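Just below is one structure, and these are the notes that go with it.
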Amino acid sequence: MTTKTDSPAAQAPQATAPFRRRALRRLRALPPWSLLAAGTLTGALAGTAYGALTPPAYSASAYVVAVPTAESDPQAALGFAQAYGRVATQLAVLGDAQVWAGVPARTLRESVRSATSPDAPMIAVTATSIRPDLAADMANAVTGAMTRHATRTKNATHIELRQFSRAIKPTAPSSPSPALTTLVGASASGLLGGLALLARPRHTAADSANPAVVPGPATAADARGQL
């Protein structure tokens with residue numbers, strides 16, 4: 001007579017089952033606010049790590065204004081300012097600006113943004129970089145290229161661009177500080193944890209007092225009696 005024994009692979013889940021049940025009981029015994037606190041702490045640590053590992057970014061802005069010539073009018077200057085604002089980040093302008101900025105045109109395209117006003121013929125060019133001096137150089141290079149391009153086409157457009165304000169080297173980063181990223185991470189995780197606690201199923205006192213009873217299997221005698 002041989003005795004059948006389970007393999008070590010089959011015995012491992014059986015051995016760890018009591019530990020799993022005890023761990024689940026301990027987790028269920030924890031108060032709801034402990035899960036919320038753990039989530040908030042995790043989000044705060046993630047925000048702190050992001051703020052510490054991400055290098056600070058600096059932004060610098062330069063401004064140019066569209067000025068009509070004697071053959072044009074202020075309304076035309078406003079329209080051309082909108083047009084020049086849209087082409088500020090195109091290759092026709094960036095190809096000239098890359099020489100003065102000392103960076104490739106691809107870097108300028110990724111780092112430079114332009115904005116215009118619907119009420120004034122002014123264009124704002126903002127450049128962002130991890131180096132504050134490079135941010136100012138890129139913004140000034142793009143506005144300089146725009147001004148030179150507008151000068152070459154002045155006889156056809158009757159509009160010229162003039163430097164309104166040069167970009168200066170920023171003294172403080174424009175990216176969020178580590179303290180702010182920590183606060184944002186903790187707030188987001190706390191909000192998600194609170195929503196999870198509100199959405200979890202709740203056990204009422206009536207459910208605990210009247211648990212569901214599962215009928216047992218009928219015996220063979222009962223089955224014969226019913227037949």
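Residue numbers start at 1 in each chain; chains themselves are named A, B, ... in the order of the structure tokens; ligands are numbered from 1 in the order shown.
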So that I can check the surroundings of A:Leu134, please list as a ChimeraX atom specification every protein, DNA and RNA residue that reaches within 12 Å of it, counting only C-alpha atoms and ignoring chain neighbours fewer than 5 positions away.
/A:57-61,98,100-103,107-108,111-112,126-129,139-141,167-170
Between atom CA of A:Ala124 and atom CA of A:Gln82, what is the spacing in Å?
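Atom CA of A:Ala124 lies at a distance of 10.9 Å from atom CA of A:Gln82.
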Interatomic distance (Å, one decimal) between atom CA of A:Pro56 and atom CA of A:Ala115:
22.9 Å
List as a PyMOL selection string the protein and nucleic acid residues near A:Arg109, meaning an atom at most 12 Å away when only C-alpha atoms are counted, but skip any in the same chain fewer than 4 places from it.
chain A and resi 87-95+97-98+103-105+113-114+125-128+138-139+142
Selected residues written out, all heavy atoms, as a compact mmCIF listing (two decimals), in the first residue's frame:
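That gives us result_18.txt:
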```
# COMPACT_ATOMS: atom_id res chain seq x y z
N VAL A 87 3.44 82.23 -37.55
CA VAL A 87 4.62 81.72 -38.25
C VAL A 87 5.89 81.87 -37.41
O VAL A 87 6.97 81.55 -37.89
CB VAL A 87 4.80 82.44 -39.60
CG1 VAL A 87 3.57 82.28 -40.47
CG2 VAL A 87 5.12 83.92 -39.40
N ALA A 88 5.75 82.33 -36.16
CA ALA A 88 6.94 82.56 -35.34
C ALA A 88 7.69 81.27 -35.07
O ALA A 88 8.92 81.29 -34.90
CB ALA A 88 6.56 83.23 -34.02
N THR A 89 6.99 80.15 -35.02
CA THR A 89 7.64 78.87 -34.72
C THR A 89 7.78 78.00 -35.96
O THR A 89 7.99 76.78 -35.83
CB THR A 89 6.84 78.12 -33.64
OG1 THR A 89 5.48 77.95 -34.09
CG2 THR A 89 6.84 78.88 -32.33
N GLN A 90 7.68 78.60 -37.13
CA GLN A 90 7.85 77.84 -38.37
C GLN A 90 9.32 77.88 -38.81
O GLN A 90 10.11 78.70 -38.33
CB GLN A 90 6.95 78.41 -39.49
CG GLN A 90 5.47 78.37 -39.14
CD GLN A 90 4.98 76.96 -38.87
OE1 GLN A 90 5.31 76.03 -39.59
NE2 GLN A 90 4.17 76.80 -37.82
N LEU A 91 9.65 76.96 -39.70
CA LEU A 91 11.04 76.80 -40.11
C LEU A 91 11.60 78.05 -40.79
O LEU A 91 12.80 78.33 -40.69
CB LEU A 91 11.17 75.59 -41.04
CG LEU A 91 12.60 75.18 -41.43
CD1 LEU A 91 13.40 74.85 -40.18
CD2 LEU A 91 12.57 74.01 -42.39
N ALA A 92 10.74 78.82 -41.48
CA ALA A 92 11.22 80.02 -42.15
C ALA A 92 11.83 81.02 -41.17
O ALA A 92 12.78 81.74 -41.50
CB ALA A 92 10.08 80.67 -42.92
N VAL A 93 11.30 81.07 -39.97
CA VAL A 93 11.82 81.97 -38.94
C VAL A 93 12.89 81.27 -38.10
O VAL A 93 13.94 81.85 -37.80
CB VAL A 93 10.68 82.49 -38.06
CG1 VAL A 93 11.22 83.34 -36.92
CG2 VAL A 93 9.67 83.28 -38.89
N LEU A 94 12.63 80.02 -37.73
CA LEU A 94 13.56 79.32 -36.85
C LEU A 94 14.88 79.00 -37.55
O LEU A 94 15.91 78.90 -36.90
CB LEU A 94 12.92 78.02 -36.36
CG LEU A 94 11.64 78.19 -35.53
CD1 LEU A 94 11.16 76.84 -35.04
CD2 LEU A 94 11.85 79.15 -34.37
N GLY A 95 14.84 78.84 -38.87
CA GLY A 95 16.08 78.59 -39.59
C GLY A 95 17.06 79.73 -39.48
O GLY A 95 18.28 79.53 -39.43
N ALA A 97 16.80 82.00 -36.87
CA ALA A 97 17.02 82.22 -35.44
C ALA A 97 18.03 81.25 -34.84
O ALA A 97 18.70 81.58 -33.86
CB ALA A 97 15.70 82.11 -34.68
N GLN A 98 18.16 80.06 -35.43
CA GLN A 98 19.07 79.08 -34.85
C GLN A 98 20.53 79.53 -34.90
O GLN A 98 21.34 79.13 -34.06
CB GLN A 98 18.91 77.74 -35.57
CG GLN A 98 19.35 77.74 -37.01
CD GLN A 98 19.20 76.39 -37.66
OE1 GLN A 98 18.98 75.39 -36.99
NE2 GLN A 98 19.29 76.35 -38.98
N VAL A 103 21.49 77.05 -31.16
CA VAL A 103 20.87 75.74 -30.94
C VAL A 103 20.19 75.33 -32.24
O VAL A 103 19.87 76.17 -33.09
CB VAL A 103 19.85 75.78 -29.78
CG1 VAL A 103 20.55 76.09 -28.46
CG2 VAL A 103 18.75 76.78 -30.06
N PRO A 104 19.95 74.03 -32.44
CA PRO A 104 19.27 73.60 -33.66
C PRO A 104 17.84 74.12 -33.73
O PRO A 104 17.22 74.48 -32.72
CB PRO A 104 19.29 72.07 -33.56
CG PRO A 104 20.37 71.75 -32.57
CD PRO A 104 20.39 72.89 -31.61
N ALA A 105 17.31 74.14 -34.96
CA ALA A 105 15.93 74.60 -35.15
C ALA A 105 14.94 73.68 -34.44
O ALA A 105 13.88 74.13 -33.98
CB ALA A 105 15.61 74.66 -36.64
N ARG A 113 7.36 79.30 -27.76
CA ARG A 113 5.93 79.47 -27.98
C ARG A 113 5.66 80.95 -28.24
O ARG A 113 6.32 81.83 -27.70
CB ARG A 113 5.13 79.00 -26.77
CG ARG A 113 5.28 77.52 -26.45
CD ARG A 113 4.63 76.67 -27.53
NE ARG A 113 4.77 75.25 -27.26
CZ ARG A 113 5.76 74.49 -27.69
NH1 ARG A 113 6.73 75.04 -28.42
NH2 ARG A 113 5.81 73.21 -27.41
N SER A 114 4.66 81.20 -29.07
CA SER A 114 4.28 82.58 -29.38
C SER A 114 2.81 82.79 -29.02
O SER A 114 2.01 81.85 -29.04
CB SER A 114 4.50 82.88 -30.87
OG SER A 114 3.68 82.06 -31.67
N VAL A 125 6.88 86.23 -27.53
CA VAL A 125 7.65 85.01 -27.80
C VAL A 125 8.29 84.57 -26.50
O VAL A 125 9.09 85.32 -25.91
CB VAL A 125 8.71 85.24 -28.89
CG1 VAL A 125 9.55 83.98 -29.09
CG2 VAL A 125 8.04 85.64 -30.21
N THR A 126 7.96 83.36 -26.05
CA THR A 126 8.45 82.82 -24.79
C THR A 126 9.26 81.57 -25.06
O THR A 126 8.80 80.67 -25.76
CB THR A 126 7.30 82.50 -23.83
OG1 THR A 126 6.53 83.69 -23.61
CG2 THR A 126 7.81 81.98 -22.50
N ALA A 127 10.45 81.52 -24.52
CA ALA A 127 11.34 80.37 -24.65
C ALA A 127 11.59 79.78 -23.27
O ALA A 127 11.71 80.50 -22.28
CB ALA A 127 12.66 80.75 -25.30
N THR A 128 11.68 78.44 -23.21
CA THR A 128 11.87 77.72 -21.96
C THR A 128 13.09 76.83 -22.08
O THR A 128 13.27 76.13 -23.09
CB THR A 128 10.64 76.88 -21.61
OG1 THR A 128 9.49 77.74 -21.55
CG2 THR A 128 10.80 76.20 -20.26
N MET A 138 17.25 82.41 -26.80
CA MET A 138 16.33 81.84 -27.80
C MET A 138 15.17 82.78 -28.08
O MET A 138 14.76 82.96 -29.24
CB MET A 138 15.83 80.47 -27.32
CG MET A 138 16.88 79.39 -27.35
SD MET A 138 16.20 77.72 -27.10
CE MET A 138 15.55 77.87 -25.42
N ALA A 139 14.60 83.40 -27.04
CA ALA A 139 13.49 84.33 -27.26
C ALA A 139 13.94 85.53 -28.08
O ALA A 139 13.25 85.96 -29.02
CB ALA A 139 12.91 84.77 -25.91
N VAL A 142 14.54 84.54 -31.83
CA VAL A 142 13.32 84.36 -32.63
C VAL A 142 12.69 85.71 -32.97
O VAL A 142 12.29 85.96 -34.12
CB VAL A 142 12.32 83.46 -31.88
CG1 VAL A 142 10.98 83.42 -32.61
CG2 VAL A 142 12.88 82.04 -31.76
```
Atom CA of A:Ala62 to atom CA of A:Gly79: how many Å, to one decimal?
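Result for atom CA of A:Ala62 versus atom CA of A:Gly79: 19.7 Å, one decimal.
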Which of stretch 69-193 of chain A counts as alpha helix (DSSP H) under DSSP, as JSON, numbers by chain please?
{"A": [74, 75, 76, 77, 78, 79, 80, 81, 82, 83, 84, 85, 86, 87, 91, 92, 93, 94, 95, 96, 97, 98, 99, 100, 101, 105, 106, 107, 108, 109, 110, 111, 132, 133, 134, 135, 136, 137, 138, 139, 140, 141, 142, 143, 144, 145, 146, 147, 148, 149, 150, 151, 152, 154, 155, 156, 157, 178, 179, 180, 181, 182, 183, 184, 185, 186, 187, 188, 189, 190, 191, 192, 193]}
Need the shell around A:Val65: protein/DNA/RNA residues with any atom at most 9 Å away, counting only C-alpha atoms. Skip same-chain ones fewer than 6 positions apart. Format as JSON, numbers by chain?
{"A": [77, 81, 120, 121, 122, 123, 124, 160, 161, 162, 163, 164]}
Residues of stretch 37-145 of chain A in strand (DSSP E or B) according to DSSP, as a list in words?
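Answer for stretch 37-145 of chain A restricted to strand (DSSP E or B) is Tyr58, Ser59, Ala60, Ser61, Ala62, Tyr63, Val64, Val65, Ala66, Val67, Pro68, Val112, Arg113, Ser114, Ala115, Thr116, Met122, Ile123, Ala124, Val125, Thr126, Ala127, Thr128 and Ser129 of chain A.
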Limited to C-alpha atoms, could you put the picked residues into a file as a PDB file, in the first residue's frame?
```
ATOM      1  CA  TYR A  58      13.362  78.853 -16.829  1.00  0.00           C
ATOM      2  CA  SER A  59      11.180  80.957 -19.139  1.00  0.00           C
ATOM      3  CA  ALA A  60      12.012  84.263 -20.805  1.00  0.00           C
ATOM      4  CA  SER A  61       9.720  86.393 -22.987  1.00  0.00           C
ATOM      5  CA  ALA A  62      10.444  88.972 -25.663  1.00  0.00           C
ATOM      6  CA  TYR A  63       7.869  91.235 -27.348  1.00  0.00           C
ATOM      7  CA  VAL A  64       7.606  92.766 -30.799  1.00  0.00           C
ATOM      8  CA  VAL A  65       4.940  95.119 -32.111  1.00  0.00           C
ATOM      9  CA  ALA A  66       3.580  95.442 -35.640  1.00  0.00           C
ATOM     10  CA  VAL A  67       3.726  99.018 -36.905  1.00  0.00           C
ATOM     11  CA  PRO A  68       1.958 100.138 -40.108  1.00  0.00           C
ATOM     12  CA  VAL A 112       9.595  78.426 -28.104  1.00  0.00           C
ATOM     13  CA  ARG A 113       5.933  79.474 -27.978  1.00  0.00           C
ATOM     14  CA  SER A 114       4.278  82.579 -29.382  1.00  0.00           C
ATOM     15  CA  ALA A 115       1.115  84.394 -28.357  1.00  0.00           C
ATOM     16  CA  THR A 116      -0.813  87.330 -29.759  1.00  0.00           C
ATOM     17  CA  MET A 122       1.805  92.744 -30.262  1.00  0.00           C
ATOM     18  CA  ILE A 123       3.504  89.331 -30.339  1.00  0.00           C
ATOM     19  CA  ALA A 124       4.962  87.639 -27.282  1.00  0.00           C
ATOM     20  CA  VAL A 125       7.649  85.012 -27.804  1.00  0.00           C
ATOM     21  CA  THR A 126       8.455  82.823 -24.788  1.00  0.00           C
ATOM     22  CA  ALA A 127      11.341  80.365 -24.652  1.00  0.00           C
ATOM     23  CA  THR A 128      11.875  77.722 -21.958  1.00  0.00           C
ATOM     24  CA  SER A 129      15.143  76.016 -21.056  1.00  0.00           C
TER      25      SER A 129
END
```
Which is closer to A:Phe80 than all the others in A:Ala46, A:Leu192, A:Ile159, A:Ile130, using only C-alpha atoms?
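For A:Phe80, the nearest of the candidates is A:Ile159.
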